[in-house]
Amino acid sequence: MNDKERFLASLKLKKVDRVSAACPLQTATVEMMEETGAAWPEAHRDPEKMANLALAANRLAGIESARVPFDLCVEAETVGSQVSEGRLDSQPSIRRPAFRKVEAFEDAVCPDPLSDGRMATVVEAVRILAEADETVPIIAGITGPFTLAGQVRGVETLLMDFFDRMDFVKSLLKYSTNVLKTYGKALVDNGADAVVIIDPSAGSELLGTAHYREMAFPYCKELVKSLDVPSILHICGDSKPILGMMAETGVNGISLDHLVDVNETREFLGDRTAIIGNINPADTLFLGTPEKVKKESLECIRKGVNVLSPGCGIPTRTSMKNIKAMVEAARESAGK
Amino acid sequence: MTAKDEILNGLADAVVKGDESKCIELANKALENNIDAYEAVINGCTCGMSIVSDKYEKREMFVPEILMAARAMNGAVEVLKPHIKADEIKETGKVAIAVVLGDIHDIGKNLVKLLLETAGLTVFDLGKDVVPEDILDNVREEKTDLVALSALMTTSMMEMKEDVKLLKEEFPNVKIMVGGAPVSQEFCDSIGADGYADNASEAIRVAQRLLAE
């Protein structure tokens, strides 16, 4: 099986020759940037560089996928939020949400992902990757509808809006869902093999299950349903209380934070979704030795992850040696 | 129950419920009934916020409700503050809190700040995406006892290492605690910080422990 076949079969819970070592979360490291000359922050805005740096994870470290973009601000920025550009080793971040004032939302438009802002950059990078190598799966990351609503309104403001202006919250969530459906379709049309939805603000510690059910779940489900390729959902933190709903969105795979136990998740979910994860990105992948990475990787594989991957984005100062150790563990698991 | 207890309990209850107008109403009523403003803040508002903090720890309340409780409490505090006599305020520990450079996720930081204030500490909120110089300036000017740093991204946590290094170089006695999703005890130890907490309630205990050392 090639990397793409193995990854897609894993997400569909079909038979594979070994665990996949694709990575649905941020993969770029400073070492990769130095080797390729495609560095942050430029690579966030230049489709060629974005594609190069995404593919470097595969070419230089062996990760069995190419993942774009490298940050979580693409959609919020394209609809009008101000974003800082970040640095060589840190991601762009939201400076000024587009709809801090409720009235500003009256002028909101759904961007055209083929021509507007950084959505167009990522779509173009996907297209370049699709032409570059048809054996490496292209994973496109998009923001979850609830997280996007928080980014364009300000998260705390949005949470208080629950009590002050619920109609506005619902309109905002509908809007962000539409923006993401349009964007997701463009990514798929241009060659994304899978889409990963990242929804950190919908985390159970922040929202609790009742708010998750009302404010995040239905919109995420609608987004998942609109995607014509396999999808993955990643919610940071302890997602245990909401795992059932996460599966019910219809995603093929759930990407687990390292805080969540794979065995418990499997027991709870059975064969409803693939499980992706969940090496500790900071303590193990970034700060650990290759031996420690390998040991924890084998542990994840033994517990039955379908795709071996870190529990969150790869820290930019992670060494290539450590990433390679993770991939090696997956490769050595063949036939076991 | 005396009228005073009724007002103070009502105040605590209104904070827990996140009822801002009720909080303001009861704060005014407290003043009308000659209840000491400082006592109303401590035994009314702060008491309510402690209940909120417990409920958060037990996962009975979540961040949206906490934000409403904080808003309600602030409504009452605004009314009461001008009536607090300066000599009543006890000098407790001073804490500076910041989300490190490159990171703008400040809900956790705001939560910890709120609980630290509730615990009676003086808190300097340095904000998010904070450059190391601002933290150093605060410690220098305010003689801050404890610096609490937060990072929510695997891509920003390295800034903590830099902050800790600079702080310890210039102020060997200042205590530093760290927290945030990707941060762990192991990471805390590796960068030479003094304490780690994995949630907001734990952060208060760690802060109090470090200040007592």
# chains A, B, ... in the order shown; residues from 1 in each chain; ligands from 1
>>> interface_residues(of="chain B", to="chain A", cutoff="6 Å", atoms="only C-alpha atoms", output="PyMOL selection string")
chain B and resi 62-64+154-155
>>> write_last_selection(atoms="C-alpha atoms", output="compact mmCIF listing (two decimals), in the first residue's frame")
# COMPACT_ATOMS: atom_id res chain seq x y z
CA PHE B 62 -18.26 26.01 32.58
CA VAL B 63 -16.54 29.06 31.15
CA PRO B 64 -19.65 30.85 29.78
CA THR B 154 2.80 23.79 21.38
CA THR B 155 4.25 26.49 19.15
>>> residues_around(residues="region 81-86 of chain B", least_positions_apart="2", cutoff="10 Å", atoms="only C-alpha atoms", output="list in words")
Leu31, Asp36, Ala37, Tyr38, Glu39, Ala40, Val41, Asn74, Ala76, Val77, Glu78, Val79, Glu88, Ile89 and Lys90 of chain B
>>> closest_residue(among="A:Val136, A:Leu129, A:Leu25, A:Met50", to="Ala38 (chain A)", atoms="only C-alpha atoms")
A:Met50
>>> residues_around(residues="Val52 (chain B)", least_positions_apart="3", cutoff="12 Å", atoms="only C-alpha atoms", output="number ranges by chain")
B: 12-18, 45-49, 55-70, 73, 111, 114-115, 118, 200-201
>>> select_by_dssp(residues="region 127-180 of chain B", states="helix (DSSP H, G or I)", output="list in words")
Pro132, Glu133, Asp134, Ile135, Leu136, Asp137, Asn138, Val139, Arg140, Glu141, Glu142, Met158, Glu159, Met160, Lys161, Glu162, Asp163, Val164, Lys165, Leu166, Leu167, Lys168, Glu169 and Glu170 of chain B
>>> write_last_selection(atoms="C-alpha atoms", output="PDB file, in the first residue's frame")
ATOM      1  CA  PRO B 132       9.580  39.460  28.150  1.00  0.00           C
ATOM      2  CA  GLU B 133      10.568  43.094  28.829  1.00  0.00           C
ATOM      3  CA  ASP B 134       7.063  43.882  30.080  1.00  0.00           C
ATOM      4  CA  ILE B 135       7.252  41.048  32.592  1.00  0.00           C
ATOM      5  CA  LEU B 136      10.701  42.147  33.787  1.00  0.00           C
ATOM      6  CA  ASP B 137       9.510  45.750  34.094  1.00  0.00           C
ATOM      7  CA  ASN B 138       6.571  44.678  36.218  1.00  0.00           C
ATOM      8  CA  VAL B 139       8.697  42.683  38.640  1.00  0.00           C
ATOM      9  CA  ARG B 140      11.194  45.530  38.897  1.00  0.00           C
ATOM     10  CA  GLU B 141       8.617  48.272  39.459  1.00  0.00           C
ATOM     11  CA  GLU B 142       6.017  46.460  41.532  1.00  0.00           C
ATOM     12  CA  MET B 158       9.129  27.792  24.155  1.00  0.00           C
ATOM     13  CA  GLU B 159       8.663  31.457  24.976  1.00  0.00           C
ATOM     14  CA  MET B 160       8.185  30.356  28.574  1.00  0.00           C
ATOM     15  CA  LYS B 161      11.690  29.013  28.678  1.00  0.00           C
ATOM     16  CA  GLU B 162      13.046  32.372  27.573  1.00  0.00           C
ATOM     17  CA  ASP B 163      10.892  34.269  30.101  1.00  0.00           C
ATOM     18  CA  VAL B 164      11.986  32.007  32.944  1.00  0.00           C
ATOM     19  CA  LYS B 165      15.642  32.394  31.997  1.00  0.00           C
ATOM     20  CA  LEU B 166      15.482  36.194  31.857  1.00  0.00           C
ATOM     21  CA  LEU B 167      13.476  36.455  35.073  1.00  0.00           C
ATOM     22  CA  LYS B 168      15.750  34.159  37.057  1.00  0.00           C
ATOM     23  CA  GLU B 169      18.843  35.996  35.823  1.00  0.00           C
ATOM     24  CA  GLU B 170      17.630  39.351  36.996  1.00  0.00           C
TER      25      GLU B 170
END
>>> closest_residue(among="B:Asp145, B:Asp129, B:Glu20, B:Glu6", to="Asn33 (chain B)", atoms="only C-alpha atoms")
B:Glu6
>>> atom_distance(atom1="CA of Leu227 (chain A)", atom2="CA of Val123 (chain A)")
15.0 Å
>>> closest_residue(among="B:Leu121, B:Leu152, B:Ile191, B:Ala197", to="Ala96 (chain B)", atoms="only C-alpha atoms")
B:Leu121
>>> closest_residue(among="A:Glu291, A:Glu5, A:Glu48, A:Asp71", to="Ile198 (chain A)", atoms="only C-alpha atoms")
A:Asp71
>>> select_by_dssp(residues="chain B", states="strand (DSSP E)", output="ChimeraX atom specification")
/B:94-100,122-130,146-150,175-179,195-196
>>> residues_around(residues="Tyr196 (chain B)", least_positions_apart="3", cutoff="7 Å", atoms="only C-alpha atoms", output="ChimeraX atom specification")
/B:177-179,184-185,188
>>> write_last_selection(atoms="C-alpha atoms", output="compact mmCIF listing (two decimals), in the first residue's frame")
# COMPACT_ATOMS: atom_id res chain seq x y z
CA MET B 177 4.57 29.22 37.84
CA VAL B 178 3.47 27.94 34.45
CA GLY B 179 0.33 26.46 32.98
CA SER B 184 3.33 19.75 32.02
CA GLN B 185 5.22 19.25 35.27
CA CYS B 188 7.99 23.09 34.02
>>> atom_distance(atom1="CA of Asn190 (chain A)", atom2="CA of Leu172 (chain A)")
27.2 Å
>>> decode(residues="region 215-250 of chain A", atoms="N, CA and C atoms", output="tab-separated table (two decimals), in the first residue's frame")
chain	number	residue	atom	x	y	z
A	215	MET	N	-24.25	24.41	20.75
A	215	MET	CA	-23.54	25.47	20.03
A	215	MET	C	-22.48	24.95	19.05
A	216	ALA	N	-21.99	23.77	19.25
A	216	ALA	CA	-20.90	23.29	18.40
A	216	ALA	C	-21.31	22.08	17.57
A	217	PHE	N	-21.89	21.10	18.22
A	217	PHE	CA	-22.19	19.82	17.56
A	217	PHE	C	-23.02	19.94	16.27
A	218	PRO	N	-24.20	20.60	16.29
A	218	PRO	CA	-25.01	20.57	15.06
A	218	PRO	C	-24.31	21.22	13.87
A	219	TYR	N	-23.54	22.27	14.16
A	219	TYR	CA	-22.88	22.99	13.07
A	219	TYR	C	-21.71	22.17	12.52
A	220	CYS	N	-21.01	21.51	13.41
A	220	CYS	CA	-19.90	20.67	12.99
A	220	CYS	C	-20.44	19.50	12.15
A	221	LYS	N	-21.56	18.95	12.60
A	221	LYS	CA	-22.18	17.84	11.87
A	221	LYS	C	-22.57	18.26	10.45
A	222	GLU	N	-23.14	19.46	10.35
A	222	GLU	CA	-23.54	19.96	9.03
A	222	GLU	C	-22.31	20.13	8.13
A	223	LEU	N	-21.23	20.61	8.71
A	223	LEU	CA	-19.99	20.79	7.94
A	223	LEU	C	-19.45	19.43	7.48
A	224	VAL	N	-19.42	18.47	8.39
A	224	VAL	CA	-18.90	17.13	8.05
A	224	VAL	C	-19.70	16.54	6.89
A	225	LYS	N	-21.03	16.69	6.99
A	225	LYS	CA	-21.92	16.11	5.99
A	225	LYS	C	-21.65	16.69	4.60
A	226	SER	N	-21.18	17.95	4.57
A	226	SER	CA	-20.97	18.62	3.27
A	226	SER	C	-19.67	18.19	2.59
A	227	LEU	N	-18.81	17.49	3.32
A	227	LEU	CA	-17.49	17.17	2.76
A	227	LEU	C	-17.54	15.84	2.00
A	228	ASP	N	-16.97	15.86	0.80
A	228	ASP	CA	-17.00	14.64	-0.03
A	228	ASP	C	-15.79	13.75	0.15
A	229	VAL	N	-14.97	14.04	1.13
A	229	VAL	CA	-13.80	13.18	1.40
A	229	VAL	C	-13.85	12.78	2.88
A	230	PRO	N	-13.06	11.77	3.28
A	230	PRO	CA	-13.03	11.41	4.70
A	230	PRO	C	-12.63	12.60	5.57
A	231	SER	N	-13.20	12.65	6.75
A	231	SER	CA	-12.92	13.79	7.62
A	231	SER	C	-12.47	13.31	9.00
A	232	ILE	N	-11.77	14.22	9.68
A	232	ILE	CA	-11.24	13.96	11.01
A	232	ILE	C	-11.65	15.15	11.88
A	233	LEU	N	-11.96	14.88	13.14
A	233	LEU	CA	-12.27	15.98	14.05
A	233	LEU	C	-11.24	15.99	15.19
A	234	HIS	N	-10.65	17.16	15.41
A	234	HIS	CA	-9.70	17.30	16.53
A	234	HIS	C	-10.21	18.38	17.47
A	235	ILE	N	-10.42	18.01	18.72
A	235	ILE	CA	-10.78	18.99	19.75
A	235	ILE	C	-9.75	18.86	20.86
A	236	CYS	N	-9.11	19.97	21.19
A	236	CYS	CA	-8.02	19.93	22.17
A	236	CYS	C	-8.56	19.62	23.56
A	237	GLY	N	-7.67	19.16	24.40
A	237	GLY	CA	-8.02	18.93	25.80
A	237	GLY	C	-8.70	17.60	26.02
A	238	ASP	N	-9.39	17.50	27.15
A	238	ASP	CA	-10.03	16.25	27.52
A	238	ASP	C	-11.37	16.12	26.80
A	239	SER	N	-11.38	15.42	25.67
A	239	SER	CA	-12.60	15.33	24.87
A	239	SER	C	-13.50	14.17	25.31
A	240	LYS	N	-13.10	13.45	26.36
A	240	LYS	CA	-13.87	12.27	26.77
A	240	LYS	C	-15.38	12.54	26.94
A	241	PRO	N	-15.75	13.64	27.64
A	241	PRO	CA	-17.19	13.84	27.85
A	241	PRO	C	-17.99	14.05	26.56
A	242	ILE	N	-17.32	14.41	25.47
A	242	ILE	CA	-18.07	14.71	24.24
A	242	ILE	C	-17.74	13.74	23.10
A	243	LEU	N	-17.01	12.67	23.40
A	243	LEU	CA	-16.60	11.74	22.34
A	243	LEU	C	-17.79	11.20	21.55
A	244	GLY	N	-18.88	10.87	22.26
A	244	GLY	CA	-20.05	10.32	21.58
A	244	GLY	C	-20.58	11.29	20.53
A	245	MET	N	-20.70	12.55	20.91
A	245	MET	CA	-21.19	13.55	19.96
A	245	MET	C	-20.19	13.79	18.84
A	246	MET	N	-18.91	13.75	19.18
A	246	MET	CA	-17.90	13.94	18.13
A	246	MET	C	-18.07	12.86	17.06
A	247	ALA	N	-18.28	11.61	17.51
A	247	ALA	CA	-18.47	10.52	16.55
A	247	ALA	C	-19.75	10.72	15.76
A	248	GLU	N	-20.78	11.22	16.45
A	248	GLU	CA	-22.08	11.40	15.82
A	248	GLU	C	-22.09	12.48	14.73
A	249	THR	N	-21.05	13.33	14.71
A	249	THR	CA	-20.98	14.32	13.62
A	249	THR	C	-20.81	13.62	12.28
A	250	GLY	N	-20.41	12.36	12.31
A	250	GLY	CA	-20.23	11.62	11.06
A	250	GLY	C	-18.79	11.59	10.57
